[in-house]
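See below for the structure under consideration.
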Amino acid sequence: MHPSPSFAGRHWDGSPRISRHPRSLRVAATSPSRLLRAGHSSRCRRCGHRTDVYQCTDQRPIALHPAELATTHVPASCRWHLSSGIAHPHGDGSAWCRIPHAVVCPARTPTCPASPHLAAVRRHLAVRTRRLIDTSAFIPALPPAAGPPPRAVAAPARPVVQILLIRYLAPGPLDDIRCVAQTRHRHRCPRPVLTLGSPAGRWTLLPPGPCRGQLALPDTRMAVYDLGHLPYTEQLRWSAQRCPAHAASGAPDLALTDWQTFHPRLQPPTSAPAFRTRRHSNRRGMTVPHHALEITLTRPLSPAALHRAARVLPLAANHDTTRVMALVHAKTAHQAVRRLRRQLASRLPIDVITTHYPDTDHKILLNVDLPPAAHAVLTDAARRGAQSPERFAELALHRALAAYADQETDRLGLAVRQLLADANPAHLLSAVGHALTRLPESPTP
Ligand SMILES: [Zn+2]
Ligand SMILES: [Zn+2]
């Protein structure tokens with residue numbers, strides 16, 4: 001007797017063999033939230049219950065109660081809804097809504113007027129918390145104690161960290177900031193962001209730097225953990241809150257980063273009182289705004305040259321050091337650009353300086369240092385047109401850009417007509433859609 005032939009993909013009895021391959025999840029590059037939908041639940045440190053952490057429209061995290069509730073049971077001020085993974089603080093018109101965990105957390109004072117249903121949910125959670133504590137399954141975190149801080153002043157409980165010229169309030173001591181990446185075992189990476197092997201930041205005394213339109217702060221300086229001298233990639237790693245092992249990995253985030261933008265008015269620098277010193281106030285106590293400026297260089301910079309220039313002004317360079325960013329204190333953007341050129345012209349091969357953010361007219365200020373001959377030609381042409389050299393250059397630039405846009409339209413029109421000569425329009429449209437939606441790093445199918 002011969003055994004019957006076996007087929008790949010079939011069991012001995014002929015039933016199909018189903019093989020399941022583990023699916024790896026990936027976050028779309030266009031996703032408004034950086035988290036995988038499957039895994040960002042957390043636990044309330046005060047009551048031990050599960051919460052779902054989402055990002056609000058202002059990027060801040062909010063912990064929501066994991067279940068949906070009927071809107072009739074929830075006061076309008078407590079209703080939240082989710083859209084594309086972002087939490088919005090109102091209902092979406094449906095019969096169901098989400099609520100912040102703080103509303104029903106039995107370990108906190110209620111933040112909303114309690115409806116009978118919410119009070120019942122809260123009571124139910126309180127009973128469960130009691131049971132968890134009694135069985136030692138949960139140890140509640142102590143509420144922040146009033147009185148002297150337990151840590152030494154040298155290690156502030158919530159330090160201010162400056163990354164890529166922006167200041168953030170850290171979630172806790174520097175050593176405790178944990179990587180947010182997902183490991184291969186689908187858990188959150190336990191490693192810290194600050195490790196012994198990687199370059200460290202520097203503690204510096206800096207003024208709190210009020211924002212535009214705010215009143216001047218008292219004359220203080222605060223301790224800031226400054227990462228400005230670290231390479232751009234290293235600062236990006238800090239900003240993404242990842243350990244060195246996950247710095248460049250494509251692993252998704254399993255939690256939101258804990259950085260909170262530092263507002264000197266809302267969060268006075270109480271974290272390091274020992275560092276406060278007097279400084280000279282500027283005349284009339286007025287605040288002078290900062291301007292974010294970008295310098296395009298004529299050639300890549302050596303690390304030594306960047307280091308020398310950064311001694312004059314903190315600079316953040318891009319990966320190949322052909323562009324650097326700086327923050328300059330000045331009343332107007334024009335003054336800031338001129339000041340930057342004056343301070344750095346001898347140390348950097350500056351090509352063009354531009355303002356990083358557009359002004360209220362959506363315009364960028366462009367500062368070019370023309371050679372004397374070109375400058376003379378420009379001034380002469382402007383005088384003949386009864387215009388200032390700046391206005392003349394602006395109009396010439398607009399004309400050149402408009403001519404370039406026309407040329408591009410003509411060039412593409414011609415190319416499309418040539419393609420259509422021997423292609424079906426529907427196929428061509430589908431091919432264009434395919435090419436546009438494919439991520440640049442994905443292999444060509
Ligand atoms: Zn709670
Ligand atoms: Zn990690």
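Residue numbering restarts at 1 in every chain; chains get A, B, ... in the order shown in the structure tokens, and ligands count up from 1 in that same order.
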Nearby residues (only C-alpha atoms) at most 10 Å from Ala114 of chain A, same-chain spacing under 3 positions excluded, as a list in words: His73, Val74, Pro75, Cys78, Val103, Val104, Pro110, Thr111, His117, Leu118, Ala119, Ala120 and Arg122 of chain A
To test your reading of the structure, identify every residue in segment 193-406 of chain A that backbone DSSP assigns to strand (DSSP E), and report it as an MDAnalysis selection string. chainID A and resid 202:206 222:226 260:261 290:297 315:317 323:329 350:355 366:368
Which residues form the shell of 12 Å around ligand 1 when you count only C-alpha atoms and all ligand atoms, given as a PyMOL selection string? chain A and resi 42-52+63-66+100-110+122+125-126+128-129+138+140-141+143
Check the smallest atom-to-atom distance from each of A:Leu315, A:Ala426, A:Cys112, A:Met222 to Val160 of chain A using only C-alpha atoms, then report the winner.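 Distance minimum relative to Val160 of chain A lands on A:Met222.
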Hey, what does DSSP flag as helix (DSSP H, G or I) within segment 239-398 of chain A? Can you give it to me as a PyMOL selection string? chain A and resi 239+244-246+273-275+283-285+303-312+333-344+372-384+389-398
Residue subset to file, keeping C-alpha atoms, as a PDB file, in the first residue's frame:
```pdb
ATOM      1  CA  SER A 239      12.902  64.965  21.927  1.00  0.00           C
ATOM      2  CA  PRO A 244      20.092  54.938  22.362  1.00  0.00           C
ATOM      3  CA  ALA A 245      19.036  51.430  21.230  1.00  0.00           C
ATOM      4  CA  HIS A 246      15.707  52.734  19.933  1.00  0.00           C
ATOM      5  CA  PRO A 273      15.678  77.731  43.743  1.00  0.00           C
ATOM      6  CA  ALA A 274      19.368  77.624  44.662  1.00  0.00           C
ATOM      7  CA  PHE A 275      20.275  78.709  41.146  1.00  0.00           C
ATOM      8  CA  ARG A 283      15.580  99.422  30.390  1.00  0.00           C
ATOM      9  CA  ARG A 284      11.902 100.118  31.154  1.00  0.00           C
ATOM     10  CA  GLY A 285      11.381  96.442  32.093  1.00  0.00           C
ATOM     11  CA  PRO A 303      32.719  70.045  14.232  1.00  0.00           C
ATOM     12  CA  ALA A 304      35.477  72.376  15.524  1.00  0.00           C
ATOM     13  CA  ALA A 305      34.154  75.337  13.517  1.00  0.00           C
ATOM     14  CA  LEU A 306      30.619  74.676  14.733  1.00  0.00           C
ATOM     15  CA  HIS A 307      31.901  74.460  18.285  1.00  0.00           C
ATOM     16  CA  ARG A 308      33.731  77.793  17.930  1.00  0.00           C
ATOM     17  CA  ALA A 309      30.659  79.510  16.469  1.00  0.00           C
ATOM     18  CA  ALA A 310      28.381  78.008  19.103  1.00  0.00           C
ATOM     19  CA  ARG A 311      30.469  79.727  21.770  1.00  0.00           C
ATOM     20  CA  VAL A 312      29.116  83.065  20.531  1.00  0.00           C
ATOM     21  CA  ALA A 333      13.246  90.401  12.713  1.00  0.00           C
ATOM     22  CA  HIS A 334      15.316  92.830  10.604  1.00  0.00           C
ATOM     23  CA  GLN A 335      17.419  93.765  13.621  1.00  0.00           C
ATOM     24  CA  ALA A 336      17.762  90.099  14.622  1.00  0.00           C
ATOM     25  CA  VAL A 337      19.040  89.094  11.166  1.00  0.00           C
ATOM     26  CA  ARG A 338      21.543  91.962  11.084  1.00  0.00           C
ATOM     27  CA  ARG A 339      22.752  91.158  14.580  1.00  0.00           C
ATOM     28  CA  LEU A 340      23.220  87.487  13.695  1.00  0.00           C
ATOM     29  CA  ARG A 341      25.226  88.338  10.589  1.00  0.00           C
ATOM     30  CA  ARG A 342      27.391  90.770  12.543  1.00  0.00           C
ATOM     31  CA  GLN A 343      28.122  88.219  15.271  1.00  0.00           C
ATOM     32  CA  LEU A 344      28.786  85.200  13.078  1.00  0.00           C
ATOM     33  CA  PRO A 372      30.007  94.917  -3.977  1.00  0.00           C
ATOM     34  CA  ALA A 373      29.644  94.759  -7.791  1.00  0.00           C
ATOM     35  CA  ALA A 374      26.247  93.003  -7.636  1.00  0.00           C
ATOM     36  CA  HIS A 375      25.145  95.418  -4.930  1.00  0.00           C
ATOM     37  CA  ALA A 376      26.087  98.417  -7.098  1.00  0.00           C
ATOM     38  CA  VAL A 377      24.120  97.023 -10.077  1.00  0.00           C
ATOM     39  CA  LEU A 378      21.100  96.362  -7.866  1.00  0.00           C
ATOM     40  CA  THR A 379      21.158  99.841  -6.278  1.00  0.00           C
ATOM     41  CA  ASP A 380      21.529 101.449  -9.683  1.00  0.00           C
ATOM     42  CA  ALA A 381      18.603  99.507 -11.198  1.00  0.00           C
ATOM     43  CA  ALA A 382      16.439 100.266  -8.145  1.00  0.00           C
ATOM     44  CA  ARG A 383      17.207 103.998  -8.383  1.00  0.00           C
ATOM     45  CA  ARG A 384      16.206 104.054 -12.039  1.00  0.00           C
ATOM     46  CA  PRO A 389      16.886  98.202  -3.328  1.00  0.00           C
ATOM     47  CA  GLU A 390      14.892  95.907  -0.965  1.00  0.00           C
ATOM     48  CA  ARG A 391      11.613  96.495  -2.824  1.00  0.00           C
ATOM     49  CA  PHE A 392      13.353  96.081  -6.186  1.00  0.00           C
ATOM     50  CA  ALA A 393      14.878  92.736  -5.130  1.00  0.00           C
ATOM     51  CA  GLU A 394      11.527  91.558  -3.708  1.00  0.00           C
ATOM     52  CA  LEU A 395       9.661  92.316  -6.964  1.00  0.00           C
ATOM     53  CA  ALA A 396      12.406  90.727  -9.088  1.00  0.00           C
ATOM     54  CA  LEU A 397      12.241  87.608  -6.941  1.00  0.00           C
ATOM     55  CA  HIS A 398       8.440  87.441  -7.286  1.00  0.00           C
TER      56      HIS A 398
END
```
Quick one: residues within 9 Å of ligand 2, with only C-alpha atoms and all ligand atoms, as a JSON list (two decimals) with C-alpha atoms, in the first residue's frame?
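The file below, pocket01.json, is the result:
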```
[["chain", "number", "residue", "atom", "x", "y", "z"],
["A", 178, "ARG", "CA", 12.00, 56.26, 30.26],
["A", 179, "CYS", "CA", 12.10, 55.29, 26.58],
["A", 180, "VAL", "CA", 8.61, 55.22, 24.97],
["A", 181, "ALA", "CA", 9.39, 52.69, 22.23],
["A", 182, "GLN", "CA", 7.75, 49.29, 21.98],
["A", 183, "THR", "CA", 10.08, 46.31, 22.39],
["A", 188, "ARG", "CA", 7.37, 49.45, 26.76],
["A", 189, "CYS", "CA", 11.17, 49.64, 26.71],
["A", 190, "PRO", "CA", 12.47, 49.82, 30.29],
["A", 191, "ARG", "CA", 15.69, 51.69, 29.43],
["A", 192, "PRO", "CA", 16.26, 55.34, 30.39],
["A", 193, "VAL", "CA", 16.88, 58.13, 27.88],
["A", 241, "GLN", "CA", 12.17, 60.26, 24.35],
["A", 242, "ARG", "CA", 14.01, 57.16, 23.20],
["A", 243, "CYS", "CA", 16.95, 55.19, 24.56],
["A", 244, "PRO", "CA", 20.09, 54.94, 22.36],
["A", 245, "ALA", "CA", 19.04, 51.43, 21.23],
["A", 246, "HIS", "CA", 15.71, 52.73, 19.93],
["A", 247, "ALA", "CA", 17.01, 56.07, 18.65]]
```
Skip Thr261 of chain A itself and residues of its chain fewer than 2 positions away, then list as a list in words all residues within 8 Å of it, counting only C-alpha atoms.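 Listed by chain and then number, they are Ile166, Arg167, Tyr168, Leu169, Trp259 and His263 of chain A.
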Find the residue from A:His90, A:His291, A:Arg347, A:Arg158 that sits nearest to His329 of chain A; use only C-alpha atoms when measuring.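 Nearest to His329 of chain A: A:His291.
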Which residue is closest to Thr321 of chain A? Choose from A:Gly250, A:Pro358, A:Pro199, A:Pro231 and count only C-alpha atoms.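 Closest to Thr321 of chain A, using only C-alpha atoms: A:Pro231.
If you look at atom CA of Ala421 of chain A and atom CA of Thr437 of chain A, they are 24.5 Å away from each other.
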So what do you get for atom CA of Thr354 of chain A versus atom CA of Thr332 of chain A, distance-wise?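 Here the two named atoms are 13.3 Å from each other.
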Skipping near chain neighbours, those fewer than 5 positions away, what residues fall within 9 Å of Ala67 of chain A using only C-alpha atoms, listed as a PyMOL selection string? chain A and resi 97-99
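If you look at atom CA of His88 of chain A and atom CA of Pro61 of chain A, they are 11.3 Å away from each other.
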Leaving out Val432 of chain A and any residue of its chain fewer than 6 positions from it, which residues lie within 12 Å of it when counting only C-alpha atoms, given as a JSON list (two decimals) with C-alpha atoms, in the first residue's frame?
```json
[["chain", "number", "residue", "atom", "x", "y", "z"],
["A", 416, "VAL", "CA", 1.70, 64.31, -19.43],
["A", 419, "LEU", "CA", 2.54, 59.88, -21.60],
["A", 425, "PRO", "CA", -5.85, 57.82, -18.82],
["A", 426, "ALA", "CA", -7.28, 55.60, -16.02],
["A", 438, "ARG", "CA", 4.11, 55.10, -1.68]]
```
Within 9 Å of segment 93-95 of chain A, counting only C-alpha atoms, which residues qualify if same-chain residues fewer than 6 places away don't, as a ChimeraX atom specification? /A:69-72
Write the residues you've just listed into a file as a CSV table (one decimal), in the first residue's frame, and include N, CA and C atoms for each of them.
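Listed below is the output, selection-v2.csv:
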```
chain,number,residue,atom,x,y,z
A,69,LEU,N,-19.7,55.7,27.9
A,69,LEU,CA,-20.9,55.9,28.7
A,69,LEU,C,-22.0,56.5,27.9
A,70,ALA,N,-23.2,56.3,28.3
A,70,ALA,CA,-24.4,57.0,27.6
A,70,ALA,C,-24.3,58.4,27.9
A,71,THR,N,-24.4,59.3,26.9
A,71,THR,CA,-24.3,60.7,27.1
A,71,THR,C,-25.4,61.3,28.1
A,72,THR,N,-26.5,60.6,28.2
A,72,THR,CA,-27.6,61.0,29.1
A,72,THR,C,-27.1,61.0,30.6
```
Non-local contacts of Asp351 of chain A (8 Å; only C-alpha atoms; under 2 positions in same chain excluded) as a ChimeraX atom specification: /A:295-298,349,353,368-369
Go ahead and write the selection's residues with N, CA and C atoms as an mmCIF file, in the first residue's frame.
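New file again.cif:
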```
data_model
loop_
_atom_site.group_PDB
_atom_site.id
_atom_site.type_symbol
_atom_site.label_atom_id
_atom_site.label_comp_id
_atom_site.auth_asym_id
_atom_site.auth_seq_id
_atom_site.Cartn_x
_atom_site.Cartn_y
_atom_site.Cartn_z
ATOM 1 N N ILE A 295 20.314 79.690 9.122
ATOM 2 C CA ILE A 295 21.444 80.103 8.291
ATOM 3 C C ILE A 295 21.765 78.978 7.323
ATOM 4 N N THR A 296 21.791 79.293 6.035
ATOM 5 C CA THR A 296 22.246 78.317 5.043
ATOM 6 C C THR A 296 23.713 78.629 4.784
ATOM 7 N N LEU A 297 24.551 77.599 4.866
ATOM 8 C CA LEU A 297 25.991 77.811 4.739
ATOM 9 C C LEU A 297 26.451 77.490 3.310
ATOM 10 N N THR A 298 27.583 78.014 2.930
ATOM 11 C CA THR A 298 28.081 77.753 1.572
ATOM 12 C C THR A 298 28.789 76.399 1.487
ATOM 13 N N PRO A 349 30.682 80.333 7.212
ATOM 14 C CA PRO A 349 30.558 80.663 5.782
ATOM 15 C C PRO A 349 29.074 80.879 5.427
ATOM 16 N N ILE A 353 20.585 84.104 5.273
ATOM 17 C CA ILE A 353 19.898 83.998 6.567
ATOM 18 C C ILE A 353 18.413 84.235 6.299
ATOM 19 N N VAL A 368 20.615 88.429 2.272
ATOM 20 C CA VAL A 368 21.738 87.974 1.440
ATOM 21 C C VAL A 368 22.791 89.072 1.431
ATOM 22 N N ASP A 369 24.054 88.676 1.564
ATOM 23 C CA ASP A 369 25.141 89.652 1.514
ATOM 24 C C ASP A 369 25.720 89.608 0.092
#
```
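Closest approach to Pro156 of chain A among A:Val224, A:His124, A:Leu194, A:Pro208: A:Val224, based on only C-alpha atoms.
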